[in-house]
There are 2 protein chains.
Amino acid sequence: MKVTLSALDTYETSFTPLVVIELAQDVKEETKEWLKNRIIAKKKDGGAQLLFRPLLNKHEKETLGSDNLYLVGASRVRLLLGAEALGLVKESVDGTMRTFTYSTRGSFRGFHDDNDDFLTMTECQFIVKHELENLRARDEKMIPGYPQAKLYPGKSLLRRLLTSGIVVQVFPLHDREALKKLEDSWYTRFSLHCQPIDRIRGYFGETVALYFGFLEYFTFALIPMAVIGLPYYLFVWEDYDKYVVFASFNLLWSTVILEVWKRSCADMTYRWGTLLMKRQFEEPRPGFHGVLGVNPVTGREEPLYPSYKRQLRIYLVSLPFVCLCLCLSLHIMMIYFDLEDWALRVHEESSTEWTGVLLYVPSVIYAIVIEIMNRLYRYAAEFLTAWENHRLESAYQNHLVLKVLVFNFLNCFASLFYIAFVLKDMKLLGQSLATLLITSQIINQIAESLLPYWLQKKHSVKVKRKVQALKVDIDATFYEQVVLEKEMSTYLGTFDDYLELFLQFGYVSLFSCVYPLAAAFAVLNNFTEVNSDALKMCRVFKRPFSEPSASIGVWQLAFETMSVIAVVTNCALIGMSPQVNAVFPDSKTELVLIVVVVEHVLLALKFILAFAIPDKPRHIQMKLARLEFESLEALKQQQVQPAADSLKEGGKETAA
Amino acid sequence: MKVTLSALDTYETSFTPLVVIELAQDVKEETKEWLKNRIIAKKKDGGAQLLFRPLLNKHEKETLGSDNLYLVGASRVRLLLGAEALGLVKESVDGTMRTFTYSTRGSFRGFHDDNDDFLTMTECQFIVKHELENLRARDEKMIPGYPQAKLYPGKSLLRRLLTSGIVVQVFPLHDREALKKLEDSWYTRFSLHCQPIDRIRGYFGETVALYFGFLEYFTFALIPMAVIGLPYYLFVWEDYDKYVVFASFNLLWSTVILEVWKRSCADMTYRWGTLLMKRQFEEPRPGFHGVLGVNPVTGREEPLYPSYKRQLRIYLVSLPFVCLCLCLSLHIMMIYFDLEDWALRVHEESSTEWTGVLLYVPSVIYAIVIEIMNRLYRYAAEFLTAWENHRLESAYQNHLVLKVLVFNFLNCFASLFYIAFVLKDMKLLGQSLATLLITSQIINQIAESLLPYWLQKKHSVKVKRKVQALKVDIDATFYEQVVLEKEMSTYLGTFDDYLELFLQFGYVSLFSCVYPLAAAFAVLNNFTEVNSDALKMCRVFKRPFSEPSASIGVWQLAFETMSVIAVVTNCALIGMSPQVNAVFPDSKTELVLIVVVVEHVLLALKFILAFAIPDKPRHIQMKLARLEFESLEALKQQQVQPAADSLKEGGKETAA
């Protein structure tokens, strides 16, 4: 994808555009010039030493009348040095994974001096992003031309440019050719095969690849549950013992699959190098504010915000607010059940066509209200978490995930819990579960992928027509690509995708013994979900910057917690079922005690299983041990020569 | 403690003996000579480069007729280099903890070229031990003079010498002066002050210091429970609500103290440097055997034993055996209760003086049988764990701890569980608990410290008399010290001490709501336990080699598990108490359900608490983050110069 534009006179001949910077429309020339100089300046002069040029040359600018798009690239050597600075881990020729260094570049598999296949385009874009973000203020007190955009030594320039609105966005470019290949092997041709996870990782980075890996793994892991559940549904097996067997299998199975996932995840991330990659020191997130001081860790000047104030905000404001929202959600649920009762009574008293319709009104209202509440709460949670003023993006994300998870859990499952444990109506529970599961799956697939895809397609046709109408003397395909991608919406991370899977896991596991068909529906949904999510990633959104990650992080914990809750609910459901109650006709107390004992045994078994299954496969453990051993030995080897010298010295000392 | 013996002609003048090697009585001269040469040989010739000499010179040998004791020391520079090889972490002048290197020795606090206070004697002994253990076979096929003691390249010589009985033992020497000072500040003068943990660490090493730190922490942490428990016992508060309040407090308190311990433990081990110290690669344990092969981690030749065979032995032999022992223990408990019943019936039928005595017979027999079973089981567990053939000492220890813990837990608490949940006799439970707790504490203190101390004292008097009777021309004090310490028993590690505390924690927490006085007794016991354990360490046992450790390891998990079990038992006890039953006279089922719900809430709270309290204090986290940041920055700094050079090169490449 070489640029064929004519305006490369002042730059190198082989400029591969990697990242696009969009400035605001009215940015001053002075600022543009300063930004350009900082980006291309030598590293030792505090620059990023990258390549930088406008998308359009002067002639084209005049024709098209817009000049706010800039392309950033980097020379091959610069990228390799950036990879070393990031601590990228690559496979060396002897098959082990090692941290890349420029001086040992020859010892890595796939490194040839004459081509640049060694780093994938995704990695190059990630390196460029990292270098741009690490472009720091030196003696500037403000951004030239913008006195209100204050700077202090060590402040990341890009962050300030983004927060003050001078830079609208920074995004990596798609690689049309590679994308086409990826799509072909991923979802366009319908056939039964696994996803090309390594290719997805190569194109979108580790975080996205791990999501698709988890989605696929989870789908296959649900198949045994779906297969065993089917006959229970078809033949209406409602014997006491079969019930118990199915539930116990589900509970232990869900523990095993979550543990085994950790192992295969370690397997993948070792292969990708992210398991070994050292975490970079995290910068304060863009919205973080505080009094300027010296960071005790880095020694750099940056805003500081006392931790106790944050704790106060969390425990005195956020926590009560979340609790209030939970209560409100429960209250609305109670109103819904009251309404339903009332509608039923009206229908029974005077049964007309109108009252028949009235029966469905409460459910519809409740569904709409839940959806509205989820949205409102999401905004509130984002606002509150931002207001808590976390220094790190990761801390912000964790607090947001926790808030949203708890609320979504209650909102989605409260009515089911109420039906199960207060109304004790197992038939209604099964029906509600099926309705909720199936409708939410259909709505999600449409709202999340197909609708945006359709909108995106319409928009793209419009842009193409506009560009063709211009008929200027430029390489229209590349210009069109940049303008099109600029307008695409931004992929906001895997949060919503994992949340969907999490809720699905809840539907499948919490009440599995009441509705054994849930797993089958989940499997069916996920087979199409893979395709619609893939479509979304490739066609609807801007290409995201890759993010190295070694695991699915907080979601592992969330899924494990859900599987613990599932033990409790399933034991309770079995204890309440009429079939089991028939076995203990005399003593309800005895039944409850037995159920409690069984529950505790299952919980203990779960914890023992989780403890007994190692988190990393043996061969990965061995490789990690080998790396550790080698670094210790290297330390000792370094020491042998000075040791000999200084022992001589020491001998002299003692002799003296 | 300079040696004033006359036989230093061939060695340096300042020989500080650190470690004693005792050979078997009849070791061949050829072997002695070879061992000596290997120990004093240069590092580059595969030696340990240490100082080595017999305890007695020729003249003395003839008089005393024994020559199997050898002293090992090292020059100051050798020790510093050894400290670097071990990766010891020391405080640098700027107050941070850093890995010691010989080249940067000037930047560490307390380092002066003219004295040798920098490394404590304990550290020196640890370094000498490490160097001796790392003395490896080169081309020797066997130990000279002992064809049956086979060697292969890379085999640790000391291990082979020990397993083939040529070396009887290797032990570090006490430092009489330092020991006296330590004792004075520790236990001889009775006063209310904390233990000198840092001094204990300086003399006995981190593992022992952590045990005493934990003992002290645990004792202070029990005081609130003891104080709150006292009025419950004195005023016989048996209201339903006070009961619940006390139990809930205990349960949450025990979670908090275990979490806070982790923090103060991190605090201590950071100060000591062991939190940052990299683990050395572990050697196979002495008893490990297998087919000679190449270790995939080190690339060295060593015995290999397939992991699946070990797994088979664990799951097919050890696990069933442990289960069998547990059943046997339960069976014996049932016999005990039968016997007790029988004795009671005999006493009721024909009440004479003899039958009155008969009443106590079953308890006595049961106590003796339990003690015997514990001992027998311990041997069996050690045998089985050795037979499982673990490669690492740590794996061996973990498997042994697990086996012994489970059995001791059952043996000690089974009768209490039986009384509580089968007989449902709360009064008897309180009595049994008190009897078991108090008698076990008294017996432990006597059998563990006072008795051995008395025996040791008697023995020491005997040795002194013998030495004085010799009246030869040698420095009798030093000779006497070595001979005395040689005969002292070896301290086998903190296992039994922790086990005692673990069982005590069980007595205090499992049934705390039945016998609120337990905590008070535990506190009283621990105050004397500190002193008797200190006496044991200083006077009864050989000085142990220090072992660096960053936490109390598997015991943290054991205590946490106990506190989870305590939630279950206490909830059940409260649910069964007549006071609570009186509140729900009609519906027992409702009561059980409420108890179960409360239990689940408490368990959830425990897990949330454990999750919410960070494992390391903030200031330690900051310091660790700072170290990580610095090492990342150092990597980047290293890179700046080559980067500039290679970018020039790169420019040429592109230009060409």
# chains A, B, ... in the order shown; residues from 1 in each chain; ligands from 1
>>> residues_around(residues="segment 476-491 of chain B", least_positions_apart="2", cutoff="7 Å", atoms="only C-alpha atoms", output="list in words")
Ser460, Val463, Lys464, Val467, Ile474, Gly493, Val540, Phe541, Lys542 and Pro544 of chain B
>>> residues_around(residues="Ala48 of chain B", least_positions_apart="3", cutoff="9 Å", atoms="only C-alpha atoms", output="compact mmCIF listing (two decimals) with N, CA and C atoms, in the first residue's frame")
# COMPACT_ATOMS: atom_id res chain seq x y z
N ARG B 38 38.68 -29.45 46.56
CA ARG B 38 37.53 -28.93 45.83
C ARG B 38 36.99 -27.67 46.50
N ILE B 39 37.01 -27.66 47.84
CA ILE B 39 36.44 -26.50 48.54
C ILE B 39 37.32 -25.27 48.40
N ILE B 40 38.66 -25.46 48.43
CA ILE B 40 39.50 -24.27 48.38
C ILE B 40 39.91 -23.89 46.96
N ALA B 41 39.60 -24.75 45.96
CA ALA B 41 40.03 -24.46 44.59
C ALA B 41 39.36 -23.18 44.09
N LYS B 42 40.01 -22.54 43.10
CA LYS B 42 39.48 -21.33 42.48
C LYS B 42 38.14 -21.62 41.82
N LYS B 43 37.30 -20.59 41.78
CA LYS B 43 35.99 -20.69 41.14
C LYS B 43 36.12 -21.16 39.69
N ASP B 45 38.30 -22.99 38.42
CA ASP B 45 38.67 -24.41 38.35
C ASP B 45 37.56 -25.30 38.90
N LEU B 51 37.53 -20.96 52.49
CA LEU B 51 38.61 -21.34 53.40
C LEU B 51 38.17 -22.60 54.15
N VAL B 128 27.88 -19.31 52.47
CA VAL B 128 28.80 -20.45 52.47
C VAL B 128 28.04 -21.74 52.17
N GLU B 131 27.26 -21.85 48.53
CA GLU B 131 28.44 -22.14 47.71
C GLU B 131 28.83 -23.60 47.83
N LEU B 132 28.71 -24.15 49.04
CA LEU B 132 29.04 -25.57 49.22
C LEU B 132 28.07 -26.44 48.42
N ASN B 134 26.53 -25.66 45.79
CA ASN B 134 26.71 -25.48 44.36
C ASN B 134 28.04 -25.99 43.84
N LEU B 135 28.79 -26.65 44.71
CA LEU B 135 30.02 -27.32 44.30
C LEU B 135 29.61 -28.56 43.52
>>> residues_around(residues="segment 420-436 of chain A", least_positions_apart="4", cutoff="10 Å", atoms="only C-alpha atoms", output="MDAnalysis selection string")
chainID A and resid 367 412:416 440:441 507:508 511:518 521 569 572:573 576:578
>>> residues_around(residues="Ala266 of chain B", least_positions_apart="2", cutoff="12 Å", atoms="only C-alpha atoms", output="PDB file with C-alpha atoms, in the first residue's frame")
ATOM      1  CA  LEU B 210       8.420 -14.644  60.226  1.00  0.00           C
ATOM      2  CA  GLY B 213       6.384 -12.296  63.902  1.00  0.00           C
ATOM      3  CA  GLU B 259      -5.573  -9.953  55.417  1.00  0.00           C
ATOM      4  CA  VAL B 260      -3.790  -7.372  57.545  1.00  0.00           C
ATOM      5  CA  TRP B 261      -1.108  -9.948  58.335  1.00  0.00           C
ATOM      6  CA  LYS B 262      -0.352 -10.255  54.633  1.00  0.00           C
ATOM      7  CA  ARG B 263       0.233  -6.503  54.590  1.00  0.00           C
ATOM      8  CA  SER B 264       2.497  -6.363  57.608  1.00  0.00           C
ATOM      9  CA  MET B 268       8.684  -6.766  56.971  1.00  0.00           C
ATOM     10  CA  THR B 269       9.939  -8.793  54.042  1.00  0.00           C
ATOM     11  CA  TYR B 270      10.381  -5.635  51.977  1.00  0.00           C
ATOM     12  CA  ARG B 271      12.561  -4.213  54.745  1.00  0.00           C
ATOM     13  CA  TRP B 272      14.509  -7.478  54.834  1.00  0.00           C
ATOM     14  CA  GLY B 273      14.851  -7.578  51.066  1.00  0.00           C
ATOM     15  CA  THR B 274      13.305 -11.024  50.652  1.00  0.00           C
ATOM     16  CA  LEU B 275      10.157  -9.633  48.999  1.00  0.00           C
ATOM     17  CA  LEU B 276      12.305  -8.520  46.080  1.00  0.00           C
ATOM     18  CA  SER B 549      11.235 -16.325  52.531  1.00  0.00           C
ATOM     19  CA  ALA B 550       8.816 -13.621  51.501  1.00  0.00           C
ATOM     20  CA  SER B 551       5.700 -14.906  53.318  1.00  0.00           C
ATOM     21  CA  ILE B 552       4.445 -17.707  55.554  1.00  0.00           C
ATOM     22  CA  PRO B 614      -4.923  -4.849  49.181  1.00  0.00           C
ATOM     23  CA  ASP B 615      -2.284  -7.496  49.929  1.00  0.00           C
ATOM     24  CA  LYS B 616       0.524  -4.948  50.092  1.00  0.00           C
ATOM     25  CA  PRO B 617       0.503  -1.580  51.849  1.00  0.00           C
ATOM     26  CA  ARG B 618       0.394   1.438  49.542  1.00  0.00           C
ATOM     27  CA  HIS B 619       3.914   2.575  50.296  1.00  0.00           C
ATOM     28  CA  ILE B 620       5.311  -0.859  49.443  1.00  0.00           C
ATOM     29  CA  GLN B 621       3.314  -0.905  46.211  1.00  0.00           C
ATOM     30  CA  LYS B 623       8.299   1.344  46.037  1.00  0.00           C
ATOM     31  CA  LEU B 624       7.855  -1.790  43.945  1.00  0.00           C
TER      32      LEU B 624
END
>>> residues_around(residues="segment 96-102 of chain A", least_positions_apart="2", cutoff="9 Å", atoms="only C-alpha atoms", output="mmCIF file with N, CA, C and O atoms, in the first residue's frame")
data_model
loop_
_atom_site.group_PDB
_atom_site.id
_atom_site.type_symbol
_atom_site.label_atom_id
_atom_site.label_comp_id
_atom_site.auth_asym_id
_atom_site.auth_seq_id
_atom_site.Cartn_x
_atom_site.Cartn_y
_atom_site.Cartn_z
ATOM 1 N N VAL A 77 14.007 1.080 10.617
ATOM 2 C CA VAL A 77 14.891 1.004 11.788
ATOM 3 C C VAL A 77 14.212 1.644 12.997
ATOM 4 O O VAL A 77 14.270 1.124 14.118
ATOM 5 N N LEU A 80 11.887 -0.784 14.514
ATOM 6 C CA LEU A 80 12.548 -1.851 15.274
ATOM 7 C C LEU A 80 12.992 -1.332 16.633
ATOM 8 O O LEU A 80 12.854 -2.003 17.660
ATOM 9 N N LEU A 81 13.512 -0.095 16.655
ATOM 10 C CA LEU A 81 13.935 0.478 17.939
ATOM 11 C C LEU A 81 12.727 0.722 18.836
ATOM 12 O O LEU A 81 12.794 0.535 20.053
ATOM 13 N N ALA A 83 10.067 -1.103 18.808
ATOM 14 C CA ALA A 83 9.675 -2.418 19.308
ATOM 15 C C ALA A 83 10.518 -2.785 20.523
ATOM 16 O O ALA A 83 10.021 -3.348 21.503
ATOM 17 N N GLU A 84 11.814 -2.418 20.481
ATOM 18 C CA GLU A 84 12.672 -2.698 21.633
ATOM 19 C C GLU A 84 12.237 -1.876 22.845
ATOM 20 O O GLU A 84 12.144 -2.391 23.957
ATOM 21 N N ALA A 85 11.919 -0.590 22.601
ATOM 22 C CA ALA A 85 11.503 0.279 23.706
ATOM 23 C C ALA A 85 10.222 -0.241 24.358
ATOM 24 O O ALA A 85 10.033 -0.143 25.572
ATOM 25 N N GLY A 87 9.410 -3.316 24.510
ATOM 26 C CA GLY A 87 9.626 -4.636 25.082
ATOM 27 C C GLY A 87 8.808 -5.716 24.392
ATOM 28 O O GLY A 87 8.371 -6.670 25.031
ATOM 29 N N LEU A 88 8.579 -5.583 23.085
ATOM 30 C CA LEU A 88 7.846 -6.627 22.352
ATOM 31 C C LEU A 88 8.584 -7.958 22.493
ATOM 32 O O LEU A 88 9.807 -7.988 22.494
ATOM 33 N N VAL A 89 7.827 -9.030 22.615
ATOM 34 C CA VAL A 89 8.417 -10.365 22.745
ATOM 35 C C VAL A 89 8.179 -11.117 21.451
ATOM 36 O O VAL A 89 7.063 -11.171 20.959
ATOM 37 N N LYS A 90 9.256 -11.660 20.880
ATOM 38 C CA LYS A 90 9.154 -12.345 19.590
ATOM 39 C C LYS A 90 9.791 -13.725 19.685
ATOM 40 O O LYS A 90 10.599 -13.981 20.582
ATOM 41 N N GLU A 91 9.464 -14.570 18.712
ATOM 42 C CA GLU A 91 10.033 -15.910 18.713
ATOM 43 C C GLU A 91 11.438 -15.859 18.129
ATOM 44 O O GLU A 91 11.650 -15.291 17.069
ATOM 45 N N SER A 92 12.398 -16.453 18.871
ATOM 46 C CA SER A 92 13.753 -16.456 18.338
ATOM 47 C C SER A 92 13.969 -17.726 17.524
ATOM 48 O O SER A 92 13.123 -18.626 17.526
ATOM 49 N N VAL A 93 15.087 -17.804 16.821
ATOM 50 C CA VAL A 93 15.289 -18.936 15.900
ATOM 51 C C VAL A 93 15.303 -20.282 16.620
ATOM 52 O O VAL A 93 14.981 -21.300 16.031
ATOM 53 N N ASP A 94 15.664 -20.299 17.937
ATOM 54 C CA ASP A 94 15.674 -21.587 18.636
ATOM 55 C C ASP A 94 14.300 -21.949 19.201
ATOM 56 O O ASP A 94 14.173 -22.880 19.997
ATOM 57 N N THR A 104 20.235 -7.755 18.931
ATOM 58 C CA THR A 104 20.164 -9.203 18.714
ATOM 59 C C THR A 104 19.146 -9.540 17.633
ATOM 60 O O THR A 104 18.659 -10.668 17.562
ATOM 61 N N ARG A 105 18.793 -8.553 16.783
ATOM 62 C CA ARG A 105 17.689 -8.743 15.826
ATOM 63 C C ARG A 105 17.894 -9.942 14.913
ATOM 64 O O ARG A 105 16.937 -10.585 14.497
ATOM 65 N N GLY A 106 19.170 -10.283 14.648
ATOM 66 C CA GLY A 106 19.440 -11.391 13.739
ATOM 67 C C GLY A 106 19.002 -12.742 14.281
ATOM 68 O O GLY A 106 18.793 -13.683 13.531
ATOM 69 N N PHE A 108 16.221 -13.535 15.674
ATOM 70 C CA PHE A 108 14.774 -13.763 15.745
ATOM 71 C C PHE A 108 14.263 -14.378 14.460
ATOM 72 O O PHE A 108 14.740 -14.055 13.360
ATOM 73 N N TYR A 270 1.372 -16.981 25.365
ATOM 74 C CA TYR A 270 2.809 -17.280 25.309
ATOM 75 C C TYR A 270 3.272 -17.221 23.862
ATOM 76 O O TYR A 270 4.290 -16.625 23.537
ATOM 77 N N ARG A 271 2.469 -17.857 22.976
ATOM 78 C CA ARG A 271 2.824 -17.877 21.552
ATOM 79 C C ARG A 271 2.900 -16.463 21.006
ATOM 80 O O ARG A 271 3.719 -16.156 20.153
ATOM 81 N N TRP A 272 2.007 -15.589 21.495
ATOM 82 C CA TRP A 272 1.980 -14.210 20.999
ATOM 83 C C TRP A 272 3.009 -13.325 21.700
ATOM 84 O O TRP A 272 3.198 -12.170 21.314
ATOM 85 N N GLY A 273 3.597 -13.835 22.761
ATOM 86 C CA GLY A 273 4.617 -13.044 23.447
ATOM 87 C C GLY A 273 4.081 -12.129 24.526
ATOM 88 O O GLY A 273 4.850 -11.538 25.270
ATOM 89 N N LEU A 276 4.825 -12.851 28.363
ATOM 90 C CA LEU A 276 6.142 -12.502 28.898
ATOM 91 C C LEU A 276 6.397 -11.006 28.889
ATOM 92 O O LEU A 276 7.339 -10.530 29.501
ATOM 93 N N MET A 277 5.545 -10.283 28.161
ATOM 94 C CA MET A 277 5.817 -8.859 27.957
ATOM 95 C C MET A 277 5.656 -8.111 29.271
ATOM 96 O O MET A 277 4.664 -8.269 29.966
ATOM 97 N N LYS A 623 8.859 -23.623 29.983
ATOM 98 C CA LYS A 623 9.509 -22.589 29.187
ATOM 99 C C LYS A 623 9.750 -21.346 30.022
ATOM 100 O O LYS A 623 10.799 -20.713 29.915
ATOM 101 N N LEU A 627 13.394 -19.640 30.979
ATOM 102 C CA LEU A 627 13.768 -18.233 30.793
ATOM 103 C C LEU A 627 14.319 -17.652 32.083
ATOM 104 O O LEU A 627 15.328 -16.943 32.085
ATOM 105 N N GLN B 639 19.468 2.223 25.481
ATOM 106 C CA GLN B 639 19.164 2.098 24.076
ATOM 107 C C GLN B 639 19.418 3.383 23.315
ATOM 108 O O GLN B 639 19.574 3.358 22.102
ATOM 109 N N PRO B 642 22.902 3.469 21.015
ATOM 110 C CA PRO B 642 22.818 2.612 19.821
ATOM 111 C C PRO B 642 21.706 3.077 18.886
ATOM 112 O O PRO B 642 21.845 2.997 17.669
ATOM 113 N N ALA B 643 20.621 3.616 19.460
ATOM 114 C CA ALA B 643 19.499 4.052 18.636
ATOM 115 C C ALA B 643 19.957 5.134 17.674
ATOM 116 O O ALA B 643 19.713 5.063 16.467
ATOM 117 N N SER B 646 22.206 3.608 14.985
ATOM 118 C CA SER B 646 21.591 2.736 13.995
ATOM 119 C C SER B 646 20.587 3.505 13.145
ATOM 120 O O SER B 646 20.313 3.116 12.023
#
>>> residues_around(residues="segment 177-190 of chain B", least_positions_apart="6", cutoff="10 Å", atoms="only C-alpha atoms", output="JSON, numbers by chain")
{"B": [1, 121, 196, 197, 199, 200, 202, 203, 528, 530, 531, 532, 533, 534, 535, 538, 539]}
>>> select_by_dssp(residues="segment 252-336 of chain B", states="strand (DSSP E)", output="PyMOL selection string")
chain B and resi 291-294+301-304
>>> residues_around(residues="Lys129 of chain B", least_positions_apart="3", cutoff="10 Å", atoms="only C-alpha atoms", output="list in words")
Leu18, Val19, Val72, Glu123, Cys124, Gln125, Phe126, Leu132, Glu133, Asn134, Leu158, Val170, Phe171, Pro172, Phe545 and Ser546 of chain B
>>> closest_residue(among="B:Leu79, B:Ala447, B:Leu69, B:Leu251", to="chain A", atoms="only C-alpha atoms")
B:Leu79
>>> closest_residue(among="A:Leu324, A:Ala582, A:Val564, A:Ala381", to="chain B", atoms="only C-alpha atoms")
A:Val564
>>> closest_residue(among="A:Lys606, A:Arg201, A:His459, A:Lys309", to="Leu258 of chain A", atoms="only C-alpha atoms")
A:Lys606
>>> atom_distance(atom1="atom CA of Lys155 of chain A", atom2="atom CA of Gln49 of chain A")
18.0 Å
